[in-house]
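Below is one structure, written out as structure tokens; the observations come after it.
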Amino acid sequence: MGKTPSNKQVNGASTRMQDVSQEIKRMRAQMEENEQLSILMKGLRGQNLKDTQFADDSIKLRLVEVDESSEFLPLVYDPDTIAAYWGKRPRAVATRIVQLLSVAGGFLSRLAWDLINNKIKESEVSRAIELREIVTSLGPAYIKLGQALSIRPDILSPAAMTELQKLCDKVPSFPDDVAMALIEEELGQPWFNVYSELSSSPIAAASLGQVYKGRLKENGDLVAVKVQRPFVLETVTVDLYVIRHLGLFLRKFPQISVDVVGLVDEWAARFFEELDYVNEGENGTLFAAMMKKDLPQVVVPKTYQKYTSRKVLTTGWVDGEKLSQSTESDVGEL
């Protein structure tokens, strides 16, 4: 049998843990005194997000609408098929490029003016807000990019990170009548045949879709109904087409070591998976089974496959709170 730890050993270990805890608290207090570090740490914890700070609905997403059917666009990332599709639609591509250049050009010129006039620090917050609004207006691909940058303190300032983190919670919604029509198209029947109740406006809106709170007609279960934005596939693929062509052009310059094409292809393959809500529902079901076995305290909403399609996802409604707004004791129980 092993030796039982003496009281002296236990007390010594306890004292060391208390010392470490006190040192962590001291370092945290010092960091909080530094304004930039304080903003950064709050941003990394998501504590800068408040319901009143969501993106303004007056900001409109610049989506790419085409008259032709998108049936020839791939549902799984395939750069060759995307290139073939948009290669036949130069006018739509040119329109998108003009949108990107007009928005980015104006922002970069104002940033250059700040730099020339030594007003970078003074204009930091206003430029960060402008950057978030620009990213929002450019649509899903750039919103996803902004979300990724929002946790990169090595690239962005704390103020810019704080603004871009607002993209992680909500972006402007699209019209409810469009959402209801899409539900009918995807599920093959009007929404009121499936749901006895559905909120009159979305509870939340994100880069790819928006969520309504409803109740299933067949059993009365409370559900969350996620509806994909119209023209998401078209907008995402044309942006990938443009960025990838830029990457192919940059390959002509050996001094540029970054493989833009490789990065785009890797990122796009994962991004496309998010465009298929059937896949998302199946992943949720698989994840729920894993959590039930290993971490039963983690609740994963049930997916109602009968009322789920590529653009509509119906899951159980679960009331909760953001982890960033939870108390230390709540987090410790996970």
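All residue names refer to the structure tokens as shown: chains lettered A, B, ... in order, residues numbered from 1 in each chain, ligands numbered from 1 in order.
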Need the shell around Gln228 of chain A: protein/DNA/RNA residues with any atom at most 6 Å away, counting only C-alpha atoms. Skip same-chain ones fewer than 2 positions apart. Format as JSON, numbers by chain? {"A": [208, 209, 311]}
Need to verify the contact set: Arg310 of chain A, 8 Å, only C-alpha atoms, exclusion of same-chain residues closer than 5 positions in sequence. Can you return it as a PyMOL selection string? chain A and resi 186+275-279
Quick one: residues within 12 Å of segment 79-95 of chain A, only C-alpha atoms counted, chain neighbours fewer than 6 positions away excluded, as a PyMOL selection string? chain A and resi 62-73+101-102+233-245+261-262+264-266+268-269+272
Expected file: the selected residues, C-alpha atoms, as a PDB file, in the first residue's frame:
```pdb
ATOM      1  CA  ARG A  62     -24.173  43.310 -50.513  1.00  0.00           C
ATOM      2  CA  LEU A  63     -25.202  39.904 -51.818  1.00  0.00           C
ATOM      3  CA  VAL A  64     -24.658  38.744 -55.375  1.00  0.00           C
ATOM      4  CA  GLU A  65     -27.958  38.062 -57.110  1.00  0.00           C
ATOM      5  CA  VAL A  66     -27.964  36.364 -60.496  1.00  0.00           C
ATOM      6  CA  ASP A  67     -30.899  35.800 -62.812  1.00  0.00           C
ATOM      7  CA  GLU A  68     -29.681  32.369 -63.830  1.00  0.00           C
ATOM      8  CA  SER A  69     -30.265  29.340 -61.633  1.00  0.00           C
ATOM      9  CA  SER A  70     -27.549  28.411 -59.169  1.00  0.00           C
ATOM     10  CA  GLU A  71     -28.162  24.722 -59.834  1.00  0.00           C
ATOM     11  CA  PHE A  72     -24.758  24.415 -61.488  1.00  0.00           C
ATOM     12  CA  LEU A  73     -22.912  25.684 -58.438  1.00  0.00           C
ATOM     13  CA  LEU A 101     -12.849  47.985 -54.545  1.00  0.00           C
ATOM     14  CA  SER A 102     -15.245  50.849 -53.850  1.00  0.00           C
ATOM     15  CA  LEU A 233     -24.078  30.229 -52.253  1.00  0.00           C
ATOM     16  CA  GLU A 234     -23.747  32.703 -55.118  1.00  0.00           C
ATOM     17  CA  THR A 235     -22.095  35.366 -52.965  1.00  0.00           C
ATOM     18  CA  VAL A 236     -19.697  32.986 -51.247  1.00  0.00           C
ATOM     19  CA  THR A 237     -18.595  31.315 -54.472  1.00  0.00           C
ATOM     20  CA  VAL A 238     -18.007  34.535 -56.406  1.00  0.00           C
ATOM     21  CA  ASP A 239     -15.910  35.879 -53.521  1.00  0.00           C
ATOM     22  CA  LEU A 240     -13.897  32.662 -53.424  1.00  0.00           C
ATOM     23  CA  TYR A 241     -13.497  32.858 -57.199  1.00  0.00           C
ATOM     24  CA  VAL A 242     -12.126  36.410 -56.999  1.00  0.00           C
ATOM     25  CA  ILE A 243      -9.819  35.753 -54.037  1.00  0.00           C
ATOM     26  CA  ARG A 244      -8.529  32.522 -55.559  1.00  0.00           C
ATOM     27  CA  HIS A 245      -7.717  34.272 -58.842  1.00  0.00           C
ATOM     28  CA  VAL A 261      -4.703  29.536 -53.081  1.00  0.00           C
ATOM     29  CA  GLY A 262      -3.900  26.770 -50.617  1.00  0.00           C
ATOM     30  CA  VAL A 264      -8.471  29.606 -49.623  1.00  0.00           C
ATOM     31  CA  ASP A 265      -9.034  25.992 -50.666  1.00  0.00           C
ATOM     32  CA  GLU A 266      -8.583  24.673 -47.132  1.00  0.00           C
ATOM     33  CA  ALA A 268     -13.484  27.069 -48.320  1.00  0.00           C
ATOM     34  CA  ALA A 269     -13.832  23.295 -47.967  1.00  0.00           C
ATOM     35  CA  PHE A 272     -19.023  24.830 -47.584  1.00  0.00           C
TER      36      PHE A 272
END
```
Give me every strand (DSSP E) residue in segment 198-250 of chain A, going by DSSP on the backbone, as an MDAnalysis selection string. chainID A and resid 198 204:205 209:216 222:228
Emit the selected residues as a compact mmCIF listing (two decimals), in the first residue's frame, including N, CA and C atoms.
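selection12.txt was written with the following content:
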```
# COMPACT_ATOMS: atom_id res chain seq x y z
N LEU A 198 -44.53 30.61 -34.61
CA LEU A 198 -43.22 31.02 -35.11
C LEU A 198 -43.07 32.51 -34.82
N ALA A 204 -32.24 35.83 -33.61
CA ALA A 204 -30.83 36.14 -33.85
C ALA A 204 -30.55 36.00 -35.34
N ALA A 205 -29.54 36.71 -35.80
CA ALA A 205 -29.13 36.62 -37.20
C ALA A 205 -27.62 36.54 -37.26
N GLY A 209 -27.41 32.78 -41.85
CA GLY A 209 -28.86 32.67 -41.71
C GLY A 209 -29.36 33.35 -40.46
N GLN A 210 -30.66 33.17 -40.20
CA GLN A 210 -31.26 33.73 -39.00
C GLN A 210 -32.17 32.71 -38.35
N VAL A 211 -32.42 32.90 -37.05
CA VAL A 211 -33.12 31.90 -36.25
C VAL A 211 -34.45 32.45 -35.73
N TYR A 212 -35.49 31.62 -35.86
CA TYR A 212 -36.80 31.94 -35.31
C TYR A 212 -37.12 30.94 -34.19
N LYS A 213 -37.91 31.40 -33.23
CA LYS A 213 -38.38 30.51 -32.18
C LYS A 213 -39.77 30.04 -32.54
N GLY A 214 -39.98 28.73 -32.49
CA GLY A 214 -41.28 28.19 -32.89
C GLY A 214 -41.71 27.01 -32.05
N ARG A 215 -42.85 26.46 -32.45
CA ARG A 215 -43.39 25.28 -31.77
C ARG A 215 -43.90 24.32 -32.84
N LEU A 216 -43.47 23.07 -32.75
CA LEU A 216 -43.90 22.08 -33.73
C LEU A 216 -45.39 21.78 -33.59
N LEU A 222 -40.99 22.98 -28.36
CA LEU A 222 -40.38 24.27 -28.68
C LEU A 222 -39.15 24.02 -29.54
N VAL A 223 -39.00 24.80 -30.60
CA VAL A 223 -37.89 24.56 -31.52
C VAL A 223 -37.24 25.88 -31.95
N ALA A 224 -36.00 25.75 -32.41
CA ALA A 224 -35.29 26.84 -33.07
C ALA A 224 -35.25 26.51 -34.55
N VAL A 225 -35.66 27.45 -35.37
CA VAL A 225 -35.71 27.24 -36.82
C VAL A 225 -34.71 28.18 -37.49
N LYS A 226 -33.65 27.60 -38.03
CA LYS A 226 -32.63 28.41 -38.70
C LYS A 226 -32.87 28.38 -40.21
N VAL A 227 -32.92 29.57 -40.79
CA VAL A 227 -33.21 29.71 -42.21
C VAL A 227 -32.02 30.40 -42.89
N GLN A 228 -31.54 29.80 -43.96
CA GLN A 228 -30.36 30.34 -44.64
C GLN A 228 -30.71 31.59 -45.46
```
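Atom pair atom CA of Arg96 of chain A / atom CA of Gly247 of chain A has a distance of 17.0 Å (rounded to one decimal).
Among the candidates A:Asp114, A:Ile155, A:Leu75, A:Ser173, the residue lying nearest to Lys60 of chain A is A:Ser173 (atoms considered: only C-alpha atoms).
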Leu250 of chain A surroundings by only C-alpha atoms, 9 Å radius, close-in-sequence under 5 positions cut, as a PyMOL selection string: chain A and resi 245+256+258-260
Pull the alpha helix (DSSP H) assignments for segment 216-272 of chain A out of DSSP run on the backbone, and list those residues as an MDAnalysis selection string. chainID A and resid 232:250 260:272
Could the residues in this selection be written to a file with C-alpha atoms, as a CSV table (one decimal), in the first residue's frame?
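Contents of out_36.csv, freshly written:
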```csv
chain,number,residue,atom,x,y,z
A,232,VAL,CA,-25.5,32.9,-49.9
A,233,LEU,CA,-24.1,30.2,-52.3
A,234,GLU,CA,-23.7,32.7,-55.1
A,235,THR,CA,-22.1,35.4,-53.0
A,236,VAL,CA,-19.7,33.0,-51.2
A,237,THR,CA,-18.6,31.3,-54.5
A,238,VAL,CA,-18.0,34.5,-56.4
A,239,ASP,CA,-15.9,35.9,-53.5
A,240,LEU,CA,-13.9,32.7,-53.4
A,241,TYR,CA,-13.5,32.9,-57.2
A,242,VAL,CA,-12.1,36.4,-57.0
A,243,ILE,CA,-9.8,35.8,-54.0
A,244,ARG,CA,-8.5,32.5,-55.6
A,245,HIS,CA,-7.7,34.3,-58.8
A,246,LEU,CA,-5.8,36.9,-56.9
A,247,GLY,CA,-3.9,34.1,-55.2
A,248,LEU,CA,-3.1,32.5,-58.6
A,249,PHE,CA,-1.8,35.9,-59.8
A,250,LEU,CA,0.4,36.3,-56.6
A,260,VAL,CA,-3.2,32.2,-50.8
A,261,VAL,CA,-4.7,29.5,-53.1
A,262,GLY,CA,-3.9,26.8,-50.6
A,263,LEU,CA,-5.3,28.8,-47.7
A,264,VAL,CA,-8.5,29.6,-49.6
A,265,ASP,CA,-9.0,26.0,-50.7
A,266,GLU,CA,-8.6,24.7,-47.1
A,267,TRP,CA,-10.8,27.3,-45.6
A,268,ALA,CA,-13.5,27.1,-48.3
A,269,ALA,CA,-13.8,23.3,-48.0
A,270,ARG,CA,-14.8,23.7,-44.3
A,271,PHE,CA,-16.9,26.8,-45.1
A,272,PHE,CA,-19.0,24.8,-47.6
```
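When the distance limit is 9 Å and only C-alpha atoms are what count, the residues near segment 129-136 of chain A, minus those fewer than 3 positions from it on the same chain, are Ala55, Asp56, Ile59, Lys60, Leu61, Arg62, Val103, Ala104, Phe107, Glu124, Val125, Ser126, Gly139, Pro140, Tyr142, Ile143, Leu145, Gly146, Ala159, Ala160, Glu163, Leu164, Gln165, Lys166, Leu167, Val171, Pro172 and Ser207 of chain A.
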